[in-house]
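Pasting final02.txt here (compact mmCIF, C-alpha atoms):
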# COMPACT_ATOMS: atom_id res chain seq x y z
CA MET A 1 93.37 116.41 101.05
CA THR A 2 94.18 112.70 100.84
CA HIS A 3 97.54 111.34 99.82
CA PRO A 4 97.64 109.92 96.30
CA THR A 5 97.97 106.16 96.02
CA ALA A 6 100.43 104.27 93.87
CA ASP A 7 99.66 104.67 90.20
CA ALA A 8 99.70 102.17 87.37
CA ILE A 9 102.71 100.10 86.48
CA GLY A 10 105.35 102.17 84.81
CA THR A 11 103.83 105.51 85.97
CA SER A 12 105.65 107.66 88.50
CA THR A 13 103.20 110.48 89.14
CA THR A 14 102.73 109.65 92.83
CA ALA A 15 104.92 109.01 95.81
CA PRO A 16 105.66 105.38 96.69
CA ARG A 17 104.52 103.73 99.86
CA SER A 18 107.26 104.74 102.25
CA GLY A 19 109.00 101.78 103.86
CA TRP A 20 106.95 99.09 102.11
CA ARG A 21 108.40 99.00 98.63
CA TRP A 22 110.52 96.11 99.90
CA ALA A 23 107.55 93.95 100.97
CA PRO A 24 107.29 92.00 97.66
CA TYR A 25 111.02 91.36 97.69
CA TRP A 26 110.84 90.12 101.27
CA VAL A 27 108.17 87.61 100.27
CA LEU A 28 110.22 86.47 97.28
CA ALA A 29 113.34 86.09 99.42
CA PHE A 30 111.41 83.86 101.82
CA VAL A 31 110.25 81.59 98.99
CA ALA A 32 113.61 81.54 97.19
CA LEU A 33 115.30 80.44 100.41
CA TRP A 34 113.04 77.43 101.01
CA PRO A 35 115.96 75.13 100.03
CA ALA A 36 117.76 76.54 103.10
CA PRO A 37 115.02 76.20 105.77
CA GLY A 38 116.95 77.82 108.60
CA ILE A 39 117.68 80.98 106.62
CA ALA A 40 114.13 81.10 105.26
CA GLU A 41 112.80 80.91 108.81
CA GLY A 42 115.07 83.81 109.77
CA VAL A 43 113.68 85.88 106.90
CA LEU A 44 110.15 85.09 108.09
CA VAL A 45 110.87 86.12 111.67
CA LEU A 46 112.59 89.35 110.66
CA GLY A 47 109.71 90.15 108.32
CA ALA A 48 107.23 89.50 111.11
CA LEU A 49 109.10 91.84 113.46
CA ALA A 50 109.26 94.55 110.80
CA ALA A 51 105.55 94.14 110.13
CA ILE A 52 104.70 94.52 113.81
CA PHE A 53 106.41 97.91 113.99
CA LYS A 54 105.37 99.16 110.56
CA LEU A 55 101.96 97.70 109.75
CA LEU A 56 100.38 97.90 113.18
CA ALA A 57 101.61 101.44 113.75
CA THR A 58 100.12 102.55 110.43
CA ARG A 59 96.87 100.71 111.09
CA PHE A 60 96.37 102.23 114.50
CA ARG A 61 96.77 105.70 113.00
CA GLY A 62 93.75 104.90 110.85
CA GLY A 63 95.60 104.59 107.56
CA THR A 64 94.74 101.98 104.97
CA GLU A 65 97.50 102.83 102.52
CA LEU A 66 99.28 99.56 103.20
CA LEU A 67 96.35 97.16 103.50
CA SER A 68 92.61 97.60 103.08
CA GLY A 69 90.34 96.95 106.04
CA PRO A 70 88.70 93.88 104.46
CA ALA A 71 92.10 92.42 103.51
CA TRP A 72 93.36 93.02 107.04
CA ALA A 73 90.30 91.22 108.45
CA LEU A 74 90.33 88.25 106.03
CA THR A 75 94.08 87.65 106.41
CA SER A 76 93.75 87.64 110.19
CA ALA A 77 90.64 85.43 110.12
CA LEU A 78 92.32 82.82 107.90
CA PHE A 79 95.31 82.74 110.24
CA PHE A 80 93.17 82.22 113.33
CA ALA A 81 91.17 79.49 111.57
CA TYR A 82 94.53 77.72 111.26
CA TRP A 83 96.09 78.66 114.60
CA LEU A 84 93.21 78.32 117.09
CA PRO A 85 92.87 74.55 116.46
CA GLN A 86 96.57 74.21 117.20
CA LEU A 87 96.19 76.13 120.45
CA LEU A 88 93.07 74.31 121.63
CA SER A 89 94.50 70.90 120.79
CA ALA A 90 97.52 71.57 123.02
CA PHE A 91 95.47 70.98 126.18
CA ASP A 92 95.23 67.23 125.47
CA ALA A 93 98.50 66.77 123.62
CA VAL A 94 100.89 64.01 124.65
CA ASP A 95 103.51 66.67 125.44
CA ALA A 96 101.31 69.62 126.40
CA ARG A 97 104.20 71.87 127.37
CA HIS A 98 105.88 71.46 123.99
CA ALA A 99 102.51 71.83 122.21
CA PHE A 100 101.81 75.16 123.91
CA TYR A 101 105.33 76.32 123.03
CA LYS A 102 104.75 75.44 119.36
CA ALA A 103 101.39 77.23 119.40
CA ALA A 104 102.96 80.32 120.94
CA THR A 105 105.80 80.45 118.41
CA ALA A 106 103.32 79.96 115.54
CA LEU A 107 102.03 83.47 116.28
CA ARG A 108 105.03 84.71 114.31
CA TYR A 109 103.10 83.88 111.15
CA LEU A 110 100.39 86.48 111.74
CA PRO A 111 102.41 89.69 111.25
CA PHE A 112 104.31 88.04 108.40
CA LEU A 113 100.99 87.29 106.69
CA TRP A 114 100.06 90.95 107.00
CA LEU A 115 103.32 91.75 105.22
CA VAL A 116 102.53 89.19 102.49
CA ALA A 117 99.04 90.61 102.00
CA ALA A 118 100.47 94.14 101.84
CA ALA A 119 102.97 93.01 99.20
CA VAL A 120 100.12 92.33 96.76
CA ALA A 121 97.84 95.15 97.88
CA ASP A 122 98.51 97.25 94.78
CA ARG A 123 99.09 96.62 91.10
CA HIS A 124 102.83 97.23 91.21
CA GLY A 125 103.33 94.90 94.17
CA ARG A 126 101.28 92.15 92.56
CA ARG A 127 103.29 92.37 89.37
CA ILE A 128 106.55 92.00 91.29
CA THR A 129 105.31 89.29 93.64
CA PHE A 130 103.41 87.08 91.19
CA GLY A 131 106.05 87.57 88.51
CA GLY A 132 108.81 86.82 90.99
CA LEU A 133 107.11 83.62 92.14
CA ALA A 134 106.82 82.57 88.50
CA ILE A 135 110.53 83.26 87.94
CA ILE A 136 111.53 81.28 91.04
CA ALA A 137 109.37 78.29 90.10
CA GLY A 138 110.56 78.55 86.48
CA ALA A 139 114.21 78.57 87.55
CA TRP A 140 113.64 75.52 89.75
CA THR A 141 111.95 73.80 86.80
CA LEU A 142 114.84 74.43 84.42
CA ASP A 143 117.32 73.36 87.10
CA ALA A 144 115.42 70.09 87.60
CA LEU A 145 115.36 69.46 83.85
CA LEU A 146 119.14 69.89 83.80
CA GLN A 147 119.34 67.38 86.64
CA ALA A 148 117.21 64.95 84.64
CA LEU A 149 119.62 65.27 81.70
CA SER A 150 122.95 65.40 83.55
CA GLY A 151 122.25 63.76 86.91
CA THR A 152 123.17 66.91 88.87
CA SER A 153 121.10 69.90 89.96
CA PRO A 154 123.30 72.98 89.37
CA LEU A 155 121.43 75.03 91.97
CA PHE A 156 121.61 72.35 94.65
CA TRP A 157 125.27 71.70 93.79
CA GLY A 158 125.97 75.39 94.41
CA LEU A 159 124.11 75.39 97.73
CA ASP A 160 125.86 72.22 98.83
CA ALA A 161 129.28 73.61 97.91
CA LEU A 162 128.53 76.81 99.83
CA LYS A 163 127.42 74.87 102.92
CA GLN A 164 130.54 72.71 102.84
CA LEU A 165 132.68 75.83 102.50
CA ILE A 166 131.03 77.48 105.51
CA GLU A 167 130.13 74.57 107.80
CA HIS A 168 132.40 71.82 106.41
CA ARG A 169 129.51 69.37 105.98
CA PRO A 170 127.15 68.61 103.09
CA MET A 171 123.47 69.47 102.83
CA CYS A 172 122.51 65.76 102.75
CA SER A 173 124.15 62.63 104.09
CA ALA A 174 125.63 59.96 101.83
CA GLU A 175 122.83 57.57 102.86
CA GLU A 176 120.15 60.08 101.79
CA VAL A 177 121.86 60.65 98.46
CA ALA A 178 122.12 56.90 97.83
CA ALA A 179 118.44 56.32 98.72
CA VAL A 180 116.97 59.00 96.44
CA ASP A 181 114.37 57.55 94.07
CA ARG A 182 113.06 60.60 92.26
CA LEU A 183 114.04 63.97 90.82
CA SER A 184 115.01 66.20 93.74
CA GLY A 185 116.10 69.47 92.11
CA ILE A 186 117.20 72.40 94.21
CA LEU A 187 115.59 70.99 97.37
CA GLY A 188 118.04 68.09 97.34
CA PRO A 189 117.85 64.35 98.00
CA CYS A 190 117.14 64.88 101.70
CA ASN A 191 114.06 67.02 101.04
CA LEU A 192 112.05 65.27 98.33
CA LYS A 193 109.25 67.81 97.99
CA LEU A 194 110.08 69.32 94.61
CA GLY A 195 107.05 67.92 92.78
CA ILE A 196 104.44 68.95 95.31
CA VAL A 197 106.00 72.41 95.79
CA LEU A 198 106.11 73.11 92.05
CA ALA A 199 102.54 71.87 91.67
CA SER A 200 101.37 74.42 94.25
CA LEU A 201 103.39 77.26 92.68
CA SER A 202 102.55 76.33 89.08
CA PRO A 203 99.50 78.66 88.82
CA PHE A 204 101.86 81.64 89.00
CA VAL A 205 104.08 80.21 86.23
CA LEU A 206 101.13 79.48 83.94
CA TYR A 207 99.49 82.83 84.71
CA VAL A 208 102.58 84.81 83.75
CA ALA A 209 103.29 82.63 80.70
CA GLY A 210 99.71 83.00 79.49
CA ARG A 211 99.64 86.76 80.03
CA ARG A 212 102.95 87.37 78.28
CA PHE A 213 103.00 84.78 75.52
CA GLY A 214 99.40 83.67 75.10
CA SER A 215 98.28 80.09 74.63
CA VAL A 216 101.62 78.97 73.14
CA GLY A 217 103.52 80.25 76.17
CA TRP A 218 101.04 78.59 78.51
CA ILE A 219 101.36 75.23 76.72
CA VAL A 220 105.18 75.32 76.70
CA ALA A 221 105.33 76.27 80.37
CA ALA A 222 102.76 73.60 81.24
CA ALA A 223 104.79 70.93 79.44
CA LEU A 224 108.10 71.86 81.10
CA VAL A 225 106.64 72.06 84.59
CA GLY A 226 104.64 68.89 83.97
CA VAL A 227 107.75 66.85 83.07
CA VAL A 228 109.44 67.89 86.31
CA ILE A 229 106.36 67.13 88.39
CA LEU A 230 106.06 63.67 86.83
CA LEU A 231 109.74 62.96 87.44
CA GLY A 232 109.38 64.36 90.95
CA GLY A 233 107.54 61.15 91.71
CA ALA A 234 104.91 62.38 94.18
CA ARG A 235 101.56 61.11 92.91
CA ALA A 236 99.77 63.71 95.03
CA SER A 237 101.53 66.39 92.97
CA TRP A 238 100.22 64.75 89.77
CA ILE A 239 96.65 65.24 91.01
CA THR A 240 97.39 68.78 92.16
CA TYR A 241 98.91 69.72 88.82
CA ALA A 242 96.05 68.14 86.86
CA LEU A 243 93.68 70.44 88.77
CA VAL A 244 95.86 73.44 87.97
CA LEU A 245 95.86 72.58 84.26
CA LEU A 246 92.10 72.05 84.30
CA PHE A 247 91.12 75.32 85.96
CA SER A 248 93.89 77.43 84.44
CA GLY A 249 93.69 76.10 80.91
CA TRP A 250 90.00 76.13 80.13
CA ARG A 251 89.75 79.92 80.35
CA LEU A 252 92.68 80.43 77.98
CA LEU A 253 92.48 77.45 75.63
CA GLY A 254 88.89 76.32 75.70
CA TRP A 255 87.78 72.76 76.34
CA LYS A 256 88.86 71.23 73.01
CA LYS A 257 92.48 72.43 73.17
CA LEU A 258 92.62 71.62 76.87
CA ALA A 259 91.51 68.05 76.11
CA GLY A 260 94.46 67.86 73.73
CA VAL A 261 96.76 69.01 76.52
CA PHE A 262 95.56 66.16 78.74
CA VAL A 263 95.95 63.65 75.93
CA PHE A 264 99.53 64.84 75.46
CA GLY A 265 100.06 64.61 79.22
CA GLY A 266 98.80 61.04 79.25
CA ALA A 267 101.13 60.13 76.39
CA LEU A 268 104.04 61.79 78.20
CA LEU A 269 103.29 59.81 81.34
CA LEU A 270 103.25 56.60 79.29
CA VAL A 271 106.61 57.41 77.70
CA LEU A 272 108.17 58.21 81.07
CA ALA A 273 106.71 55.05 82.58
CA LEU A 274 108.38 53.02 79.84
CA THR A 275 111.75 54.78 80.08
CA VAL A 276 112.15 55.91 83.72
CA PRO A 277 112.15 53.12 86.35
CA GLN A 278 111.00 55.41 89.16
CA VAL A 279 107.96 56.60 87.21
CA ARG A 280 107.18 53.05 86.13
CA ASP A 281 107.27 51.91 89.75
CA ARG A 282 104.72 54.52 90.78
CA VAL A 283 102.43 53.76 87.87
CA GLU A 284 102.55 50.05 88.68
CA ARG A 285 101.95 50.75 92.35
CA THR A 286 98.94 52.92 91.49
CA ALA A 287 97.56 50.14 89.28
CA GLN A 288 97.49 47.87 92.33
CA ALA A 289 94.61 49.98 93.63
CA LEU A 290 92.42 48.32 90.99
CA THR A 291 92.73 44.97 92.75
CA ALA A 292 90.08 43.96 95.26
CA ASP A 293 92.72 42.82 97.74
CA GLU A 294 92.97 45.10 100.78
CA THR A 295 96.71 44.50 101.02
CA GLY A 296 97.15 45.48 97.38
CA LEU A 297 95.20 48.69 97.94
CA ASP A 298 97.32 49.64 100.95
CA SER A 299 100.48 48.88 98.99
CA ALA A 300 99.25 51.10 96.15
CA LEU A 301 98.72 53.87 98.68
CA SER A 302 102.23 53.37 100.16
CA GLY A 303 100.75 52.36 103.51
CA ARG A 304 98.39 55.30 103.75
CA GLY A 305 95.39 53.02 104.30
CA ARG A 306 96.95 51.92 107.57
CA ILE A 307 97.77 55.52 108.48
CA TRP A 308 94.22 56.66 107.72
CA GLY A 309 92.83 53.88 109.89
CA ALA A 310 94.99 55.11 112.76
CA ALA A 311 93.84 58.70 112.13
CA LEU A 312 90.19 57.65 112.37
CA CYS A 313 90.98 55.84 115.62
CA MET A 314 92.52 59.02 117.06
CA ALA A 315 89.46 61.01 115.96
CA ARG A 316 87.20 58.53 117.75
CA GLU A 317 89.31 58.47 120.91
CA HIS A 318 89.80 62.27 121.04
CA PRO A 319 86.78 63.71 119.18
CA VAL A 320 86.71 67.19 120.72
CA ASN A 321 90.19 68.61 120.25
CA GLY A 322 92.27 65.71 118.94
CA VAL A 323 95.60 64.33 120.08
CA GLY A 324 97.43 67.62 119.53
CA ALA A 325 98.88 69.28 116.47
CA ARG A 326 102.03 67.40 115.36
CA SER A 327 101.40 64.71 118.02
CA PHE A 328 100.33 62.11 115.45
CA ARG A 329 103.54 60.12 115.71
CA GLU A 330 103.27 59.82 119.49
CA ALA A 331 99.64 58.70 119.30
CA PHE A 332 100.13 56.35 116.34
CA PRO A 333 101.31 53.19 118.21
CA ALA A 334 98.15 53.09 120.33
CA CYS A 335 95.95 53.35 117.23
CA ASP A 336 97.99 51.30 114.75
CA PRO A 337 95.50 48.82 113.21
CA GLU A 338 98.33 46.37 112.34
CA PRO A 339 100.94 46.77 115.10
CA GLU A 340 102.64 43.46 114.35
CA GLN A 341 103.10 44.10 110.63
CA ILE A 342 106.08 45.93 109.16
CA PRO A 343 104.69 49.14 107.61
CA ALA A 344 105.07 49.90 103.92
CA TRP A 345 107.18 52.98 104.71
CA GLY A 346 109.74 50.98 106.73
CA SER A 347 110.22 51.13 110.49
CA GLY A 348 108.83 53.52 113.06
CA PRO A 349 105.48 55.28 113.46
CA ALA A 350 103.76 57.42 110.85
CA PHE A 351 104.49 61.11 111.31
CA HIS A 352 101.19 62.56 110.09
CA ALA A 353 97.87 61.60 108.52
CA HIS A 354 98.82 62.41 104.88
CA GLN A 355 95.33 63.82 104.28
CA ILE A 356 94.07 67.24 105.31
CA VAL A 357 90.66 66.26 106.73
CA LEU A 358 92.06 63.32 108.67
CA GLU A 359 94.97 65.40 109.92
CA ILE A 360 92.63 68.08 111.24
CA LEU A 361 90.23 65.55 112.81
CA SER A 362 92.92 63.40 114.42
CA GLU A 363 95.17 66.20 115.65
CA THR A 364 92.68 69.00 116.42
CA GLY A 365 89.29 67.22 116.62
CA LEU A 366 85.85 68.49 115.68
CA ILE A 367 86.68 71.94 117.03
CA GLY A 368 89.59 72.15 114.63
CA LEU A 369 87.53 70.93 111.69
CA LEU A 370 84.80 73.50 112.39
CA LEU A 371 87.36 76.30 112.61
CA TRP A 372 89.00 75.24 109.35
CA LEU A 373 85.60 75.06 107.67
CA SER A 374 84.77 78.53 108.97
CA GLY A 375 87.98 79.84 107.40
CA ALA A 376 87.10 78.15 104.11
CA ALA A 377 83.60 79.65 104.25
CA LEU A 378 85.01 83.15 104.81
CA ALA A 379 87.39 82.74 101.87
CA TRP A 380 84.58 81.46 99.64
CA ARG A 381 82.26 84.29 100.72
CA ALA A 382 84.94 86.88 99.92
CA TRP A 383 85.46 85.31 96.50
CA ARG A 384 81.74 85.01 95.78
CA PHE A 385 80.96 88.67 96.52
CA ALA A 386 84.08 90.09 94.85
CA ASP A 387 83.73 91.80 91.49
CA ASP A 388 85.23 90.43 88.27
CA GLY A 389 88.31 92.65 88.50
CA ALA A 390 89.11 91.46 92.00
CA ARG A 391 88.72 87.83 90.97
CA ASP A 392 90.98 88.28 87.97
CA ARG A 393 93.81 89.78 90.00
CA ALA A 394 93.51 87.10 92.71
CA ARG A 395 93.01 84.11 90.42
CA PRO A 396 96.60 82.72 90.52
CA ALA A 397 96.73 82.88 94.32
CA MET A 398 93.21 81.48 94.66
CA LEU A 399 93.99 78.53 92.41
CA ALA A 400 97.30 77.83 94.17
CA LEU A 401 95.59 77.83 97.57
CA ALA A 402 92.61 75.75 96.41
CA VAL A 403 94.67 72.95 94.86
CA THR A 404 97.03 72.90 97.84
CA VAL A 405 94.18 72.15 100.27
CA PHE A 406 92.12 70.06 97.82
CA PRO A 407 90.55 67.52 100.20
CA PHE A 408 90.44 64.54 97.79
CA ASN A 409 94.21 64.11 97.71
CA THR A 410 97.09 63.16 99.97
CA HIS A 411 99.09 65.95 101.59
CA LEU A 412 102.14 66.92 103.57
CA ALA A 413 101.60 67.91 107.20
CA PHE A 414 99.77 71.24 107.39
CA TYR A 415 100.99 71.87 110.93
CA SER A 416 104.63 71.36 109.98
CA THR A 417 106.82 74.43 109.68
CA PHE A 418 107.43 74.08 105.94
CA TRP A 419 104.03 73.07 104.58
CA GLY A 420 102.11 75.17 107.09
CA GLY A 421 104.18 78.20 106.13
CA LEU A 422 103.58 77.58 102.43
CA THR A 423 99.81 77.21 102.92
CA LEU A 424 99.53 80.36 105.03
CA LEU A 425 101.61 82.28 102.50
CA LEU A 426 99.16 81.32 99.73
CA ALA A 427 96.22 82.29 101.96
CA ALA A 428 97.71 85.75 102.54
CA LEU A 429 98.43 86.21 98.82
CA PHE A 430 94.80 85.32 98.11
CA ALA A 431 93.36 87.69 100.72
CA GLY A 432 95.70 90.56 99.87
CA SER A 433 95.12 90.40 96.11
CA LEU A 434 91.36 89.76 96.23
CA LEU A 435 90.70 92.59 98.68
CA ALA A 436 93.36 94.97 97.42
CA ARG A 437 93.08 98.71 97.81
CA ALA A 438 91.04 100.54 95.20
CA GLU A 439 93.25 101.88 92.42
CA PRO A 440 92.69 103.92 89.27
CA PRO A 441 92.85 102.05 85.94
CA PRO A 442 96.32 101.73 84.37
CA GLY A 443 97.50 105.03 82.95
CA GLU A 444 94.99 107.13 84.91
CA VAL A 445 96.35 109.62 87.43
CA PRO A 446 94.29 109.81 90.65
CA ALA A 447 92.80 113.24 91.19
CA ALA A 448 93.64 115.15 94.35
CA GLN A 449 90.75 115.66 96.75
Can you turn what I pasted into structure tokens?
Amino acid sequence: MTHPTADAIGTSTTAPRSGWRWAPYWVLAFVALWPAPGIAEGVLVLGALAAIFKLLATRFRGGTELLSGPAWALTSALFFAYWLPQLLSAFDAVDARHAFYKAATALRYLPFLWLVAAAVADRHGRRITFGGLAIIAGAWTLDALLQALSGTSPLFWGLDALKQLIEHRPMCSAEEVAAVDRLSGILGPCNLKLGIVLASLSPFVLYVAGRRFGSVGWIVAAALVGVVILLGGARASWITYALVLLFSGWRLLGWKKLAGVFVFGGALLLVLALTVPQVRDRVERTAQALTADETGLDSALSGRGRIWGAALCMAREHPVNGVGARSFREAFPACDPEPEQIPAWGSGPAFHAHQIVLEILSETGLIGLLLWLSGAALAWRAWRFADDGARDRARPAMLALAVTVFPFNTHLAFYSTFWGGLTLLLAALFAGSLLARAEPPPGEVPAAQ
């Protein structure tokens, strides 16, 4: 006789998954602690260690109560499509010893991704995880709106006060605080990623708002998150969020109402451009791209044209396995197309390619690009052959992952600890929810066999 699986939400006719009820909360703790990177990394490592002892032991006994076989396989395949390019690029890295060390320590992500996939492997876990991500992103949105009105982020103020109490030093230096040119929110003036992070997490906010409050809830949530993303100042996040609105809204609102949403968004951007100097500066800088002057185009792109030229040089010089993951800054001086000119970003080399395809090509070469494409093909194949129910339950995670890696945009560094961890987290949420264990419909008690 088989053991009964977890029943529908709100039903307690079966025994819970022993030892794994905490998996969704572990995932949420990791995300909620992103403003404190060191603590978040500790949560990840501890979760990875717990997963090694729990998930592997269960798997080797032949059980699939925690994670289905296909979900186990897809989660692992997506990780190796990310990690193998990093490993293979280490052979030609500028600092090969350090590159191999980074590749070895990156293995910690794999068991943690199994934990993430297991957290959304049943209906109850998905409700907690997706709902929790929506609550976290919603709280960060409201906090940022308070900062826009008062000049202070209450959540960051609390974190900063706690750090000064414990370590007797602030989260950010006085110079970083003085140089801030956009809404920073809970992440603070020394970590200006609020807009791009919220854009990647916004599918969960809109999904929950739409499910609970219908089209009105979706529109209100979209407007609040959109204001913060615009004030966050990262133009890449504007593109990311526009994609989220497009693919999330048309199913709920239809094309006519969605067109109205974009008209309202355009009007909001115009108002902010007229009233907020930082937004106006970015709109004016973007408008420079319409000029035929190459210098004007590079200025509009904040120097990214020069960075992309250097990335193409690295890809030509090291076509097989690149210059090494996270070795872009060391290789940049030799490939800088304008070494005598002061760069638009200030002094020093560029740290990464700011574009996913160029980052993969320059840092991991053609081998890396082929491995990444193979991972994308596996994810697409799993989505294509999934049934409608599986697609519906995985849609928020799928959309979040797709817009995060959207190739026609600028990006943070995918082989950095923060952005790489976020991307892999979304990949595991996608795999775990799409290929979740078979469950009875809500309210139906599974029959004993």
- Item | Two-atom distance - CA of Phe130 (chain A), CA of Ala259 (chain A) (Å) | 27.0 Å
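Near region 177-189 of chain A, within a cut-off of 6 Å and counting all atoms listed in the file, sit the residues A:Pro35, A:Ala144, A:Ser153, A:Leu155, A:Phe156, A:Leu194, A:Leu231, A:Gly232, A:Gly233, with same-chain residues fewer than 5 positions away left out.
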- Using only C-alpha atoms, which of A:Leu401, A:Ala331, A:Leu49, A:Ala390 sits nearest Asp95 (chain A)? A:Ala331
- Item | Of the listed residues A:His411, A:Arg316, A:Arg211, A:Lys163, that which approaches Gly131 (chain A) most closely, counting only C-alpha atoms |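 Of all the options, A:Arg211 lies closest to Gly131 (chain A).
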- CA of Leu245 (chain A) to CA of Ile360 (chain A), distance in Å rounded to a single decimal: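 So the two atoms, CA of Leu245 (chain A) and CA of Ile360 (chain A), lie 27.5 Å apart.
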Proximity of region 306-325 of chain A to region 364-373 of chain A: per-residue shortest pair, 7 Å limit, all atoms listed in the file, as a tab-separated table:
residue	atom	partner	partner_atom	distance
A:Ala315	CA	A:Gly365	CA	6.2
A:His318	CA	A:Gly365	CA	6.7
A:Pro319	CA	A:Gly365	CA	5.0
A:Val320	CA	A:Gly365	CA	4.8
A:Asn321	CA	A:Gly365	CA	4.0
A:Gly322	CA	A:Gly365	CA	4.1
A:Val323	CA	A:Thr364	CA	6.6
A:Gly324	CA	A:Thr364	CA	5.8
A:Ala325	CA	A:Thr364	CA	6.2
- Message: Residues near region 70-73 of chain A, anyone? I mean within 9 Å using all atoms listed in the file, not counting same-chain ones fewer than 5 positions away, as a PyMOL selection string.
- Response: chain A and resi 78+114+117-118+121+428+431-437
- Message: Counting all atoms listed in the file, which residue out of A:Gly260, A:Pro396, A:Gly346, A:Pro277 sits closest to Ser302 (chain A)?
- Response: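 Checking each of A:Gly260, A:Pro396, A:Gly346, A:Pro277 against Ser302 (chain A), counting all atoms listed in the file, the winner is A:Gly346.
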- Note on the structure: If you count only C-alpha atoms, the residue of A:Ala353, A:Ala427, A:Ala134, A:Leu113 closest to Thr410 (chain A) turns out to be A:Ala353
- Between A:Ser248, A:Ala32, A:Leu412, A:Arg306, which is the closest to Ala139 (chain A) once you count all atoms listed in the file? A:Ala32
- Query: At what distance in Å, to one decimal, does CA of Ser202 (chain A) lie from CA of Leu269 (chain A)?
  - Reply: 18.3 Å
- Query: Taking (92.5, 76.9, 75.1) in the file's coordinates, which residues come within 10 Å, counting only C-alpha atoms, written as a ChimeraX atom specification?
  - Reply: /A:214-216,218-219,248-261
- Item | Ser416 (chain A) environment, 8 Å, only C-alpha atoms, sequence neighbours closer than 4 positions dropped, as a PyMOL selection string | chain A and resi 326+420-421
- For each of A:Gly38, A:Glu330, A:Ala222, A:Thr275, take the minimum atom-to-atom distance to Val94 (chain A), counting all atoms listed in the file, then give the residue where this is smallest.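 Of A:Gly38, A:Glu330, A:Ala222, A:Thr275, the one nearest Val94 (chain A), counting all atoms listed in the file, is A:Glu330.
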